[in-house]
>>> print(open('query_1.csv').read())   # CSV, C-alpha atoms and all ligand atoms
chain,number,residue,atom,x,y,z
A,1,MET,CA,99.1,89.2,29.4
A,2,SER,CA,97.0,86.9,31.5
A,3,LEU,CA,94.9,84.3,29.7
A,4,PHE,CA,91.9,85.7,31.4
A,5,ALA,CA,92.5,89.4,30.8
A,6,SER,CA,89.7,89.7,28.3
A,7,VAL,CA,87.1,87.8,30.4
A,8,GLU,CA,84.2,90.0,31.1
A,9,LEU,CA,82.4,90.0,34.4
A,10,ALA,CA,79.0,88.3,33.8
A,11,PRO,CA,75.9,90.0,35.3
A,12,ARG,CA,74.7,88.5,38.6
A,13,ASP,CA,71.8,86.2,38.6
A,14,PRO,CA,69.0,88.6,39.4
A,15,ILE,CA,67.2,86.4,42.0
A,16,LEU,CA,70.4,85.3,43.7
A,17,GLY,CA,71.5,88.9,43.7
A,18,LEU,CA,68.2,89.7,45.5
A,19,ASN,CA,69.0,87.0,48.1
A,20,GLU,CA,72.4,88.6,48.8
A,21,GLN,CA,70.8,92.0,49.2
A,22,PHE,CA,68.3,90.4,51.6
A,23,ASN,CA,71.0,88.8,53.7
A,24,ALA,CA,72.8,92.1,54.0
A,25,ASP,CA,69.7,94.0,55.1
A,26,PRO,CA,69.9,94.7,58.9
A,27,ASN,CA,66.1,95.3,59.1
A,28,PRO,CA,64.9,92.7,61.7
A,29,ALA,CA,61.4,92.6,60.1
A,30,LYS,CA,62.7,91.8,56.6
A,31,VAL,CA,60.8,89.2,54.6
A,32,ASN,CA,62.2,87.3,51.6
A,33,LEU,CA,59.5,86.8,49.0
A,34,GLY,CA,62.0,86.7,46.1
A,35,VAL,CA,62.9,83.0,46.6
A,36,GLY,CA,61.6,80.1,44.6
A,37,VAL,CA,61.3,77.7,47.5
A,38,TYR,CA,58.6,76.5,49.9
A,39,TYR,CA,58.9,77.5,53.5
A,40,ASP,CA,56.7,76.1,56.2
A,41,GLU,CA,54.6,78.1,58.7
A,42,ASN,CA,57.7,79.0,60.7
A,43,GLY,CA,59.5,80.3,57.7
A,44,LYS,CA,61.8,77.2,57.5
A,45,LEU,CA,62.7,74.9,54.7
A,46,PRO,CA,61.0,71.7,55.6
A,47,LEU,CA,62.6,68.2,55.7
A,48,LEU,CA,59.7,66.0,54.7
A,49,LYS,CA,59.0,63.1,57.2
A,50,CYS,CA,58.8,60.7,54.3
A,51,VAL,CA,62.3,61.8,53.2
A,52,ALA,CA,63.7,61.4,56.7
A,53,ALA,CA,62.1,57.9,57.0
A,54,ALA,CA,63.5,56.8,53.7
A,55,GLU,CA,67.0,58.0,54.7
A,56,HIS,CA,66.7,56.2,58.0
A,57,GLN,CA,65.8,53.0,56.1
A,58,MET,CA,68.8,53.5,53.8
A,59,LEU,CA,71.1,54.1,56.8
A,60,GLU,CA,70.0,50.8,58.4
A,61,ALA,CA,71.1,48.9,55.3
A,62,PRO,CA,74.0,51.1,54.1
A,63,LYS,CA,75.2,50.4,50.5
A,64,ALA,CA,78.5,51.0,48.8
A,65,ARG,CA,78.4,53.9,46.2
A,66,GLY,CA,79.3,52.4,42.8
A,67,TYR,CA,78.7,54.3,39.6
A,68,LEU,CA,75.0,54.4,38.6
A,69,PRO,CA,74.0,53.4,35.1
A,70,ILE,CA,74.2,56.4,32.7
A,71,ASP,CA,70.5,56.8,32.7
A,72,GLY,CA,70.3,56.5,36.5
A,73,ILE,CA,68.6,54.1,39.0
A,74,ALA,CA,66.2,51.8,37.0
A,75,ALA,CA,63.7,51.7,39.9
A,76,TYR,CA,63.7,55.5,40.0
A,77,ASP,CA,63.2,56.0,36.3
A,78,LYS,CA,60.3,53.5,36.4
A,79,ALA,CA,58.7,55.2,39.4
A,80,VAL,CA,59.0,58.6,37.7
A,81,GLN,CA,57.3,57.2,34.6
A,82,GLY,CA,54.5,55.8,36.7
A,83,LEU,CA,54.0,59.1,38.6
A,84,VAL,CA,54.1,61.3,35.5
A,85,PHE,CA,52.5,59.1,32.8
A,86,GLY,CA,50.5,56.4,34.7
A,87,ASP,CA,50.9,52.7,34.6
A,88,ALA,CA,49.3,52.1,31.2
A,89,ALA,CA,51.6,54.5,29.3
A,90,THR,CA,54.6,53.2,31.2
A,91,ALA,CA,53.7,49.6,30.2
A,92,SER,CA,53.7,50.5,26.5
A,93,GLY,CA,57.4,50.9,26.7
A,94,ARG,CA,57.4,53.9,24.4
A,95,ILE,CA,58.7,56.4,26.9
A,96,ALA,CA,62.4,56.9,27.4
A,97,THR,CA,63.2,58.2,30.9
A,98,VAL,CA,66.6,59.2,32.4
A,99,GLN,CA,67.4,60.5,35.8
A,100,GLY,CA,68.4,64.1,35.7
A,101,LEU,CA,70.2,66.7,37.9
A,102,GLY,CA,67.0,68.4,39.0
A,103,GLY,CA,64.5,69.7,36.5
A,104,THR,CA,67.2,72.0,35.1
A,105,GLY,CA,69.3,68.9,34.3
A,106,GLY,CA,66.4,67.2,32.6
A,107,LEU,CA,65.8,70.3,30.5
A,108,LYS,CA,69.4,70.5,29.5
A,109,VAL,CA,69.7,66.9,28.4
A,110,GLY,CA,66.6,67.3,26.4
A,111,ALA,CA,67.9,70.6,24.8
A,112,ASP,CA,71.2,69.0,23.9
A,113,PHE,CA,69.5,65.9,22.4
A,114,LEU,CA,67.1,68.2,20.4
A,115,LYS,CA,70.1,70.3,19.1
A,116,ARG,CA,71.6,67.1,17.6
A,117,LEU,CA,68.3,66.0,16.2
A,118,ASN,CA,67.2,69.3,14.6
A,119,PRO,CA,70.0,71.9,14.8
A,120,ASN,CA,68.1,74.6,13.0
A,121,ALA,CA,64.9,74.5,15.1
A,122,GLN,CA,63.8,77.6,16.9
A,123,VAL,CA,62.7,77.5,20.6
A,124,LEU,CA,59.7,79.3,21.9
A,125,ILE,CA,59.2,80.0,25.6
A,126,SER,CA,56.4,81.8,27.3
A,127,ASP,CA,56.4,85.6,27.8
A,128,PRO,CA,57.2,85.8,30.7
A,129,SER,CA,58.9,82.6,31.8
A,130,TRP,CA,61.3,81.1,34.3
A,131,GLU,CA,64.4,83.2,33.5
A,132,ASN,CA,66.6,80.1,33.0
A,133,HIS,CA,64.6,78.8,30.1
A,134,ARG,CA,66.0,81.4,27.7
A,135,ALA,CA,69.5,81.0,29.0
A,136,LEU,CA,69.5,77.2,29.0
A,137,PHE,CA,68.2,76.8,25.4
A,138,THR,CA,70.4,79.7,24.2
A,139,ASN,CA,73.4,78.0,25.7
A,140,ALA,CA,72.4,74.7,24.0
A,141,GLY,CA,72.8,76.6,20.7
A,142,PHE,CA,69.2,77.6,19.9
A,143,THR,CA,67.6,80.9,18.9
A,144,VAL,CA,65.0,81.5,21.6
A,145,GLY,CA,61.8,83.5,20.9
A,146,THR,CA,58.6,83.9,23.0
A,147,TYR,CA,54.9,83.2,22.6
A,148,PRO,CA,52.5,85.6,24.4
A,149,TYR,CA,51.3,84.2,27.7
A,150,TYR,CA,50.4,86.8,30.3
A,151,ASP,CA,47.7,89.3,29.6
A,152,ALA,CA,48.3,92.0,32.2
A,153,ALA,CA,45.2,94.0,31.4
A,154,GLN,CA,42.9,91.1,31.8
A,155,ARG,CA,45.0,89.4,34.5
A,156,GLY,CA,45.0,86.1,32.8
A,157,ILE,CA,46.3,84.1,29.9
A,158,ALA,CA,46.7,85.7,26.5
A,159,ILE,CA,45.3,82.6,24.8
A,160,ASP,CA,44.6,84.2,21.4
A,161,GLY,CA,48.2,85.5,21.2
A,162,LEU,CA,49.5,82.2,22.4
A,163,LEU,CA,47.6,80.2,19.7
A,164,GLY,CA,48.5,82.8,17.1
A,165,ALA,CA,52.2,82.4,17.8
A,166,LEU,CA,51.9,78.6,17.6
A,167,ASN,CA,49.9,78.8,14.4
A,168,THR,CA,52.6,80.8,12.7
A,169,ALA,CA,55.6,78.9,14.1
A,170,ALA,CA,57.7,76.9,11.6
A,171,ALA,CA,57.4,73.1,11.6
A,172,GLY,CA,59.8,71.6,14.1
A,173,THR,CA,59.8,74.6,16.5
A,174,ILE,CA,60.3,73.5,20.1
A,175,VAL,CA,57.6,74.9,22.3
A,176,VAL,CA,58.5,74.9,26.1
A,177,LEU,CA,55.3,74.8,28.1
A,178,HIS,CA,54.8,75.0,31.9
A,179,ALA,CA,52.8,71.9,32.8
A,180,CYS,CA,51.3,73.5,35.9
A,181,CYS,CA,51.9,76.3,38.4
A,182,HIS,CA,53.4,78.7,35.8
A,183,ASN,CA,56.5,80.5,37.0
A,184,PRO,CA,56.4,83.5,37.3
A,185,THR,CA,52.7,84.3,36.7
A,186,GLY,CA,50.8,81.5,38.6
A,187,TYR,CA,48.3,81.4,35.7
A,188,ASP,CA,47.7,77.9,34.1
A,189,LEU,CA,45.8,76.9,31.0
A,190,SER,CA,42.4,75.2,31.4
A,191,ALA,CA,41.9,71.7,30.0
A,192,ALA,CA,40.0,73.2,27.1
A,193,GLN,CA,42.9,75.6,26.4
A,194,TRP,CA,45.4,72.8,26.5
A,195,GLU,CA,43.3,71.0,23.8
A,196,GLN,CA,43.6,74.1,21.7
A,197,VAL,CA,47.4,74.2,22.2
A,198,ILE,CA,47.6,70.5,21.4
A,199,ALA,CA,45.6,71.0,18.2
A,200,ALA,CA,47.9,73.8,17.1
A,201,VAL,CA,51.1,71.8,17.9
A,202,LYS,CA,49.7,68.9,15.9
A,203,ALA,CA,48.6,71.0,12.9
A,204,ARG,CA,52.0,72.8,12.7
A,205,GLY,CA,54.2,69.9,13.5
A,206,LEU,CA,55.7,71.5,16.6
A,207,VAL,CA,57.8,69.8,19.3
A,208,PRO,CA,56.2,70.2,22.8
A,209,PHE,CA,58.5,70.2,25.8
A,210,LEU,CA,56.5,70.2,29.1
A,211,ASP,CA,58.4,71.6,32.1
A,212,MET,CA,56.9,70.0,35.2
A,213,ALA,CA,58.6,71.6,38.2
A,214,TYR,CA,55.6,71.9,40.5
A,215,GLN,CA,53.5,68.7,40.2
A,216,GLY,CA,51.2,68.6,43.2
A,217,PHE,CA,51.4,72.3,44.1
A,218,GLY,CA,48.4,73.3,42.0
A,219,GLN,CA,45.3,71.1,42.4
A,220,GLY,CA,46.9,67.7,43.3
A,221,ILE,CA,49.3,65.2,41.8
A,222,ALA,CA,46.8,63.7,39.4
A,223,GLU,CA,45.1,66.9,38.6
A,224,ASP,CA,48.3,68.7,37.8
A,225,GLY,CA,49.4,65.7,35.7
A,226,ALA,CA,46.2,65.7,33.7
A,227,VAL,CA,47.9,67.8,30.9
A,228,VAL,CA,50.3,64.9,30.4
A,229,GLN,CA,47.3,62.6,29.9
A,230,GLN,CA,46.0,65.0,27.3
A,231,PHE,CA,49.2,65.0,25.4
A,232,LEU,CA,49.4,61.2,25.6
A,233,ALA,CA,45.9,60.9,24.2
A,234,SER,CA,46.8,63.2,21.3
A,235,GLY,CA,49.3,60.7,20.0
A,236,LEU,CA,52.0,63.3,19.8
A,237,ASP,CA,55.7,62.7,20.6
A,238,PHE,CA,56.7,65.0,23.4
A,239,PHE,CA,59.2,65.8,26.1
A,240,VAL,CA,58.6,66.1,29.9
A,241,SER,CA,61.2,67.4,32.4
A,242,THR,CA,60.4,66.5,36.0
A,243,SER,CA,61.7,68.2,39.1
A,244,PHE,CA,61.4,66.9,42.7
A,245,SER,CA,63.2,69.9,44.2
A,246,LYS,CA,59.9,71.4,45.4
A,247,SER,CA,57.6,68.4,45.8
A,248,PHE,CA,60.1,66.5,48.0
A,249,SER,CA,61.8,69.7,49.3
A,250,LEU,CA,65.1,68.2,48.0
A,251,TYR,CA,66.5,71.3,46.3
A,252,GLY,CA,70.1,70.6,47.0
A,253,GLU,CA,70.0,66.9,46.1
A,254,ARG,CA,69.3,67.7,42.4
A,255,VAL,CA,66.7,65.1,41.7
A,256,GLY,CA,64.7,65.2,38.5
A,257,ALA,CA,64.2,63.4,35.2
A,258,LEU,CA,63.7,63.8,31.5
A,259,SER,CA,61.1,61.7,29.7
A,260,VAL,CA,60.7,61.4,25.9
A,261,VAL,CA,57.4,60.0,24.7
A,262,CYS,CA,58.0,58.2,21.4
A,263,ALA,CA,55.9,56.4,18.8
A,264,SER,CA,57.0,52.9,19.7
A,265,LYS,CA,59.1,50.8,22.1
A,266,GLU,CA,61.8,50.4,19.5
A,267,GLU,CA,62.0,54.1,18.8
A,268,ALA,CA,62.2,54.8,22.6
A,269,SER,CA,65.2,52.5,22.9
A,270,ARG,CA,67.0,54.4,20.1
A,271,VAL,CA,66.2,57.7,21.7
A,272,LEU,CA,67.4,56.4,25.1
A,273,SER,CA,70.7,55.4,23.5
A,274,GLN,CA,71.2,59.0,22.3
A,275,LEU,CA,70.2,60.5,25.7
A,276,LYS,CA,72.9,58.4,27.2
A,277,ILE,CA,75.5,59.8,24.9
A,278,VAL,CA,74.4,63.3,25.9
A,279,ILE,CA,74.8,62.4,29.6
A,280,ARG,CA,78.0,60.4,29.2
A,281,THR,CA,79.8,63.2,27.5
A,282,ASN,CA,78.5,65.8,30.0
A,283,TYR,CA,78.6,64.4,33.6
A,284,SER,CA,79.0,60.6,32.9
A,285,ASN,CA,76.3,59.4,35.3
A,286,PRO,CA,74.0,60.9,38.0
A,287,PRO,CA,74.5,60.9,41.8
A,288,THR,CA,72.9,58.2,44.0
A,289,HIS,CA,71.5,59.7,47.1
A,290,GLY,CA,68.5,62.0,46.2
A,291,ALA,CA,67.1,59.6,43.6
A,292,SER,CA,67.4,56.7,46.0
A,293,VAL,CA,65.4,58.6,48.5
A,294,VAL,CA,62.7,59.5,45.9
A,295,ALA,CA,62.6,55.9,44.5
A,296,THR,CA,62.2,54.5,48.1
A,297,VAL,CA,59.4,56.9,48.9
A,298,LEU,CA,57.5,56.4,45.6
A,299,THR,CA,57.8,52.6,45.7
A,300,THR,CA,57.0,52.0,49.4
A,301,PRO,CA,53.3,52.3,49.9
A,302,ALA,CA,53.4,53.7,53.4
A,303,LEU,CA,56.0,56.3,52.6
A,304,ARG,CA,54.2,57.2,49.3
A,305,ALA,CA,51.0,57.8,51.3
A,306,GLN,CA,53.0,60.0,53.7
A,307,TRP,CA,54.5,62.0,50.8
A,308,GLU,CA,51.2,62.6,49.2
A,309,GLN,CA,49.9,63.8,52.6
A,310,GLU,CA,52.9,66.1,53.1
A,311,LEU,CA,52.7,67.5,49.6
A,312,ALA,CA,48.9,68.1,50.1
A,313,GLY,CA,49.9,70.0,53.3
A,314,MET,CA,52.2,72.3,51.4
A,315,ARG,CA,49.6,72.8,48.7
A,316,GLN,CA,46.9,73.6,51.2
A,317,ARG,CA,49.1,76.0,53.2
A,318,ILE,CA,49.9,78.0,50.1
A,319,LYS,CA,46.2,78.2,49.2
A,320,ALA,CA,45.4,79.3,52.8
A,321,MET,CA,48.1,82.0,52.5
A,322,ARG,CA,46.5,83.2,49.2
A,323,VAL,CA,43.1,83.6,50.9
A,324,ALA,CA,44.7,85.2,54.0
A,325,LEU,CA,46.7,87.7,51.8
A,326,VAL,CA,43.5,88.8,50.1
A,327,GLU,CA,41.8,89.3,53.5
A,328,LYS,CA,44.7,91.2,54.9
A,329,LEU,CA,45.1,93.4,51.8
A,330,GLN,CA,41.4,94.3,52.0
A,331,ALA,CA,41.7,95.0,55.7
A,332,ALA,CA,44.6,97.3,54.9
A,333,GLY,CA,42.4,99.3,52.6
A,334,VAL,CA,43.3,97.9,49.2
A,335,LYS,CA,40.3,98.2,46.9
A,336,GLY,CA,39.3,96.4,43.7
A,337,ASP,CA,39.1,92.8,42.6
A,338,LEU,CA,41.8,90.8,44.3
A,339,SER,CA,40.4,87.4,43.2
A,340,TYR,CA,43.4,86.9,40.9
A,341,ILE,CA,45.5,86.1,44.0
A,342,THR,CA,43.4,83.0,44.7
A,343,THR,CA,43.0,82.1,41.0
A,344,GLN,CA,46.7,81.9,40.5
A,345,GLN,CA,48.3,78.5,41.4
A,346,GLY,CA,51.6,77.2,42.7
A,347,MET,CA,54.3,79.0,44.7
A,348,PHE,CA,54.1,82.4,43.0
A,349,SER,CA,51.8,85.3,42.5
A,350,TYR,CA,52.2,87.9,39.9
A,351,SER,CA,51.2,90.8,42.1
A,352,GLY,CA,50.8,93.4,39.4
A,353,LEU,CA,53.1,95.7,41.2
A,354,ASN,CA,55.6,97.5,39.0
A,355,ALA,CA,59.4,97.7,39.5
A,356,ALA,CA,59.3,101.0,41.3
A,357,GLN,CA,56.7,99.6,43.8
A,358,MET,CA,58.8,96.5,44.3
A,359,GLN,CA,61.9,98.6,45.0
A,360,ARG,CA,59.9,100.7,47.6
A,361,LEU,CA,58.8,97.4,49.3
A,362,ARG,CA,62.5,96.6,49.7
A,363,SER,CA,63.9,99.9,50.7
A,364,GLU,CA,61.1,101.1,53.0
A,365,PHE,CA,59.8,97.8,54.4
A,366,GLY,CA,62.5,95.2,53.9
A,367,ILE,CA,60.1,93.1,51.8
A,368,TYR,CA,62.0,91.5,49.0
A,369,GLY,CA,60.2,90.4,45.8
A,370,VAL,CA,61.3,90.3,42.2
A,371,ASP,CA,61.1,93.5,40.2
A,372,SER,CA,58.6,91.9,37.7
A,373,GLY,CA,56.2,91.9,40.6
A,374,ARG,CA,56.5,88.2,41.4
A,375,ILE,CA,56.2,87.3,45.0
A,376,CYS,CA,56.6,83.8,46.5
A,377,VAL,CA,53.3,83.0,48.3
A,378,ALA,CA,55.0,79.9,49.7
A,379,ALA,CA,57.2,82.2,51.8
A,380,LEU,CA,54.3,83.9,53.5
A,381,ASN,CA,53.2,82.8,57.0
A,382,GLN,CA,51.1,84.0,59.9
A,383,HIS,CA,54.1,85.9,61.3
A,384,ASN,CA,54.9,88.0,58.3
A,385,LEU,CA,51.5,88.3,56.5
A,386,ASP,CA,50.4,91.4,58.3
A,387,ALA,CA,53.6,93.3,57.6
A,388,VAL,CA,53.5,92.2,53.9
A,389,ALA,CA,49.9,93.2,53.4
A,390,LYS,CA,50.4,96.6,55.0
A,391,ALA,CA,53.5,97.3,53.0
A,392,ILE,CA,51.8,96.4,49.7
A,393,ALA,CA,48.9,98.6,50.6
A,394,ALA,CA,51.3,101.4,51.3
A,395,VAL,CA,53.1,101.3,47.9
A,396,ILE,CA,50.0,100.8,45.8
A,401,LIG,N1,61.4,74.9,35.7
A,401,LIG,C1,60.8,75.8,36.3
A,401,LIG,C2,59.6,76.5,35.7
A,401,LIG,C3,61.2,76.2,37.6
A,401,LIG,O1,60.6,77.2,38.3
A,401,LIG,C4,62.4,75.6,38.2
A,401,LIG,C5,62.9,75.9,39.5
A,401,LIG,N2,62.8,77.2,39.9
A,401,LIG,C6,63.0,74.6,37.4
A,401,LIG,C7,62.5,74.3,36.2
A,401,LIG,C8,64.3,74.0,37.9
A,401,LIG,O2,64.1,73.1,38.9
A,401,LIG,P1,65.4,72.4,39.6
A,401,LIG,O3,65.7,73.2,40.8
A,401,LIG,O4,64.8,71.0,40.0
A,401,LIG,O5,66.5,72.3,38.6
>>> encode(input="query_1.csv", output="C-alpha cells", more="lines below")
Ligand code: PMP
Amino acid sequence: MSLFASVELAPRDPILGLNEQFNADPNPAKVNLGVGVYYDENGKLPLLKCVAAAEHQMLEAPKARGYLPIDGIAAYDKAVQGLVFGDAATASGRIATVQGLGGTGGLKVGADFLKRLNPNAQVLISDPSWENHRALFTNAGFTVGTYPYYDAAQRGIAIDGLLGALNTAAAGTIVVLHACCHNPTGYDLSAAQWEQVIAAVKARGLVPFLDMAYQGFGQGIAEDGAVVQQFLASGLDFFVSTSFSKSFSLYGERVGALSVVCASKEEASRVLSQLKIVIRTNYSNPPTHGASVVATVLTTPALRAQWEQELAGMRQRIKAMRVALVEKLQAAGVKGDLSYITTQQGMFSYSGLNAAQMQRLRSEFGIYGVDSGRICVAALNQHNLDAVAKAIAAVI
C-alpha cells in the first residue's frame, strides 16, 4: 500500500477557491470582489513608484546575496520599529523586532514563541476574523476560541460582548486584535474602546497580540498606529505583527515583521534570542529583496515621502469608492441607512448580504464576493461600480 493511501484531501481555501471559480467564469462583465488586495482605478495591481525607484537604485549598485542574519536586515528591523512604535519607544531598546515572511510569517513566529513560553494558554480571536488566524494558531498547537466582535443587528462592534469575554478569560490568554481596518468587517474600535480593552487585558493578565496588516489604509499611518501608542502608554508587554503586503503592494515578496514589546532592554535581548531559534529551526533566515526595498524606501526621505503620498492615494481612492457605492446603491433604489459603508474602514465592507444573496451575485451577475457578505471595496472602480450597485440592488 502506498505511504499516502490514507491521506485525506484537504478542503480548498475558500477565498482561493472563489478566485478559481472567477477565473473560470466566461462572463465578460465579471467582477472579483472576493480578493484581499488593492487594485487601482483600472482594476490593476499597482507597482508603487517608490518601490520601482528603490529597485532602480538597488540595480545601479547590485549586491551579492549572502545569507541575512536570522532576524533579518538590521536597517529594516529598525525602520519597522520607527514606523510602528515611533522613535522614543525604539530608543528604549525594549522592543525585539524580527523580519518576517509577510504578516502571516510574523504571526507564526509569534505563535511558535508563545507556545514555548506558555503551552497551556488559550487563544482568542475576533468573531468573525481573518480566516487564517484560527488555522495558524491551531496549527501552532493552541486551542482557539473567539470573543464577540461584530454586532450584525446594530451594524457595529459588540463592545459589551467583547469586554465580557476578556473579563472572563483566564490569565495568560492570548488575545489577537486587529490594530486597524478589521478584516472582514471593516469596523474598528474607537480610542475610548481601546482603552477599555487595554484595562481588561491589564486586569486579567492577558497577552495582547496586535495584527497590523493595513496600517495607512484607515485614517493615515500615524492615526492607524495610534492604538500602538495606547498599548505602549499602558506599560503592558505586547506583540505586534506587521505586514507590508498591502501598504507597499508587495504581496508576493512576503515582507513583514514581528515585534515584541518587553519590560526592559535586557528582557528584549533574551526574547530576541528565542525568536531567532524559532526562525532558525523553521526557515533559517529571511529573503533579501522585499525587505531591502522597504528599508530603502523607509530610510530615504524622498522615497518615504513618495510612499506616504502613494499610500494616501490608495486610502483616498477606497474612501471615494465607498461614497460612490452608497450613491449608486441609492440611485439603484436601495432604501435605508447605508452610512455603514462609509463608516467601515480599510479594504473590506461587510455588506450585510447573506450567503444566498452572495451566491446570486455570482451566478446571475458574475460578481464574486465571499459568502459571509464581505466585499473588497479596493477592487471597485468607476468601470465596475454601476454593475455592482445594480446587481446588489437586484438581490436585496
Ligand atoms: N492579518 C490580516 C488581518 C490579514 O487580512 C492579512 C492578509 N490578508 C494578513 C494578516 C496576512 O498578510 P500577509 O499577506 O502579509 O501575510
>>> closest_residue(input="query_1.csv", among="A:Lys49, A:Lys202, A:Lys246, A:Arg116", to="ligand LIG 401 (chain A)", atoms="all atoms listed in the file")
A:Lys246
>>> closest_atom_pairs(input="query_1.csv", of="chain A", to="ligand LIG 401 (chain A)", cutoff="7 Å", atoms="all atoms listed in the file", output="tab-separated table")
residue	atom	partner	partner_atom	distance
A:Gly36	CA	A:LIG401	N2	5.7
A:Leu101	CA	A:LIG401	O5	6.7
A:Gly102	CA	A:LIG401	O4	3.5
A:Gly103	CA	A:LIG401	O4	3.7
A:Thr104	CA	A:LIG401	O5	3.6
A:Gly105	CA	A:LIG401	O5	6.2
A:Trp130	CA	A:LIG401	C2	5.1
A:His178	CA	A:LIG401	C2	6.3
A:His182	CA	A:LIG401	C2	6.6
A:Asn183	CA	A:LIG401	C2	5.2
A:Asp211	CA	A:LIG401	N1	5.7
A:Met212	CA	A:LIG401	N1	6.7
A:Ala213	CA	A:LIG401	N1	5.0
A:Ser243	CA	A:LIG401	O4	4.3
A:Phe244	CA	A:LIG401	O4	6.0
A:Ser245	CA	A:LIG401	O4	4.6
A:Tyr251	CA	A:LIG401	O3	5.9
A:Arg254	CA	A:LIG401	O4	6.1
A:Val255	CA	A:LIG401	O4	6.4
A:Gly256	CA	A:LIG401	O4	6.0
>>> closest_residue(input="query_1.csv", among="A:Ser284, A:Thr342, A:Gln154, A:Gln57", to="Thr296 in chain A", atoms="all atoms listed in the file")
A:Gln57
>>> residues_around(input="query_1.csv", residues="Val144 in chain A", least_positions_apart="2", cutoff="12 Å", atoms="all atoms listed in the file", output="list in words")
Ala111, Asn120, Ala121, Gln122, Val123, Leu124, Ile125, Ser126, Asp127, Ser129, Asn132, His133, Arg134, Ala135, Leu136, Phe137, Thr138, Asn139, Ala140, Gly141, Phe142, Thr146, Tyr147, Thr173, Ile174, Val175 and Val176 of chain A
>>> atom_distance(input="query_1.csv", atom1="CA of Thr97 in chain A", atom2="CA of Asp77 in chain A")
5.8 Å
>>> residues_around(input="query_1.csv", residues="Gly352 in chain A", least_positions_apart="6", cutoff="12 Å", atoms="only C-alpha atoms", output="VMD selection string")
chain A and resid 150 to 156 184 to 186 338 340 to 341 358 369 to 375 392 395 to 396
>>> residues_around(input="query_1.csv", residues="range 164-171 of chain A", least_positions_apart="6", cutoff="6 Å", atoms="all atoms listed in the file", output="PyMOL selection string")
chain A and resi 147+204-206
>>> closest_residue(input="query_1.csv", among="A:Gln219, A:Ser234, A:Ser269, A:Asn282", to="Gln344 in chain A", atoms="all atoms listed in the file")
A:Gln219
>>> atom_distance(input="query_1.csv", atom1="CA of Lys276 in chain A", atom2="CA of Gly110 in chain A")
10.9 Å
>>> residues_near_point(input="query_1.csv", point="(74.3, 67.6, 26.6)", cutoff="6 Å", atoms="only C-alpha atoms", output="ChimeraX atom specification")
/A:109,112,278,282
>>> closest_residue(input="query_1.csv", among="A:Leu311, A:Ala10, A:Leu114, A:Ala387", to="Val31 in chain A", atoms="only C-alpha atoms")
A:Ala387
>>> atom_distance(input="query_1.csv", atom1="CA of Ala331 in chain A", atom2="CA of Leu385 in chain A")
11.9 Å
>>> residues_around(input="query_1.csv", residues="Gly336 in chain A", least_positions_apart="6", cutoff="12 Å", atoms="all atoms listed in the file", output="MDAnalysis selection string")
chainID A and resid 326 329:330 396
>>> residues_around(input="query_1.csv", residues="Ala54 in chain A", least_positions_apart="3", cutoff="9 Å", atoms="only C-alpha atoms", output="NGL selection string")
:A and (49-51 or 57-59 or 292-294 or 296-297 or 303)
>>> closest_residue(input="query_1.csv", among="A:Ala199, A:Ala192, A:Ala332, A:Leu325", to="Cys376 in chain A", atoms="all atoms listed in the file")
A:Leu325
>>> closest_residue(input="query_1.csv", among="A:Phe4, A:Phe217, A:Phe113, A:Phe238", to="Ala378 in chain A", atoms="all atoms listed in the file")
A:Phe217
>>> build_atoms(input="query_1.csv", residues="range 248-259 of chain A", atoms="N, CA and C atoms", output="mmCIF file, in the coordinates of the input")
data_model
loop_
_atom_site.group_PDB
_atom_site.id
_atom_site.type_symbol
_atom_site.label_atom_id
_atom_site.label_comp_id
_atom_site.auth_asym_id
_atom_site.auth_seq_id
_atom_site.Cartn_x
_atom_site.Cartn_y
_atom_site.Cartn_z
ATOM 1 N N PHE A 248 59.499 67.321 46.878
ATOM 2 C CA PHE A 248 60.100 66.500 48.000
ATOM 3 C C PHE A 248 60.959 67.428 48.865
ATOM 4 N N SER A 249 60.968 68.735 48.621
ATOM 5 C CA SER A 249 61.800 69.700 49.300
ATOM 6 C C SER A 249 63.272 69.117 49.360
ATOM 7 N N LEU A 250 63.748 68.748 48.163
ATOM 8 C CA LEU A 250 65.100 68.200 48.000
ATOM 9 C C LEU A 250 65.938 69.019 47.076
ATOM 10 N N TYR A 251 65.810 70.331 47.224
ATOM 11 C CA TYR A 251 66.500 71.300 46.300
ATOM 12 C C TYR A 251 67.930 70.950 46.049
ATOM 13 N N GLY A 252 68.672 70.744 47.136
ATOM 14 C CA GLY A 252 70.100 70.600 47.000
ATOM 15 C C GLY A 252 70.559 69.211 46.549
ATOM 16 N N GLU A 253 69.637 68.258 46.502
ATOM 17 C CA GLU A 253 70.000 66.900 46.100
ATOM 18 C C GLU A 253 70.021 66.776 44.552
ATOM 19 N N ARG A 254 69.404 67.725 43.856
ATOM 20 C CA ARG A 254 69.300 67.700 42.400
ATOM 21 C C ARG A 254 68.684 66.427 41.871
ATOM 22 N N VAL A 255 67.401 66.291 42.156
ATOM 23 C CA VAL A 255 66.700 65.100 41.700
ATOM 24 C C VAL A 255 65.611 65.513 40.683
ATOM 25 N N GLY A 256 65.707 64.956 39.510
ATOM 26 C CA GLY A 256 64.700 65.200 38.500
ATOM 27 C C GLY A 256 64.851 64.163 37.387
ATOM 28 N N ALA A 257 64.219 64.424 36.255
ATOM 29 C CA ALA A 257 64.200 63.400 35.200
ATOM 30 C C ALA A 257 63.871 64.088 33.856
ATOM 31 N N LEU A 258 64.237 63.406 32.786
ATOM 32 C CA LEU A 258 63.700 63.800 31.500
ATOM 33 C C LEU A 258 63.057 62.534 30.884
ATOM 34 N N SER A 259 61.846 62.737 30.359
ATOM 35 C CA SER A 259 61.100 61.700 29.700
ATOM 36 C C SER A 259 60.827 62.091 28.258
#
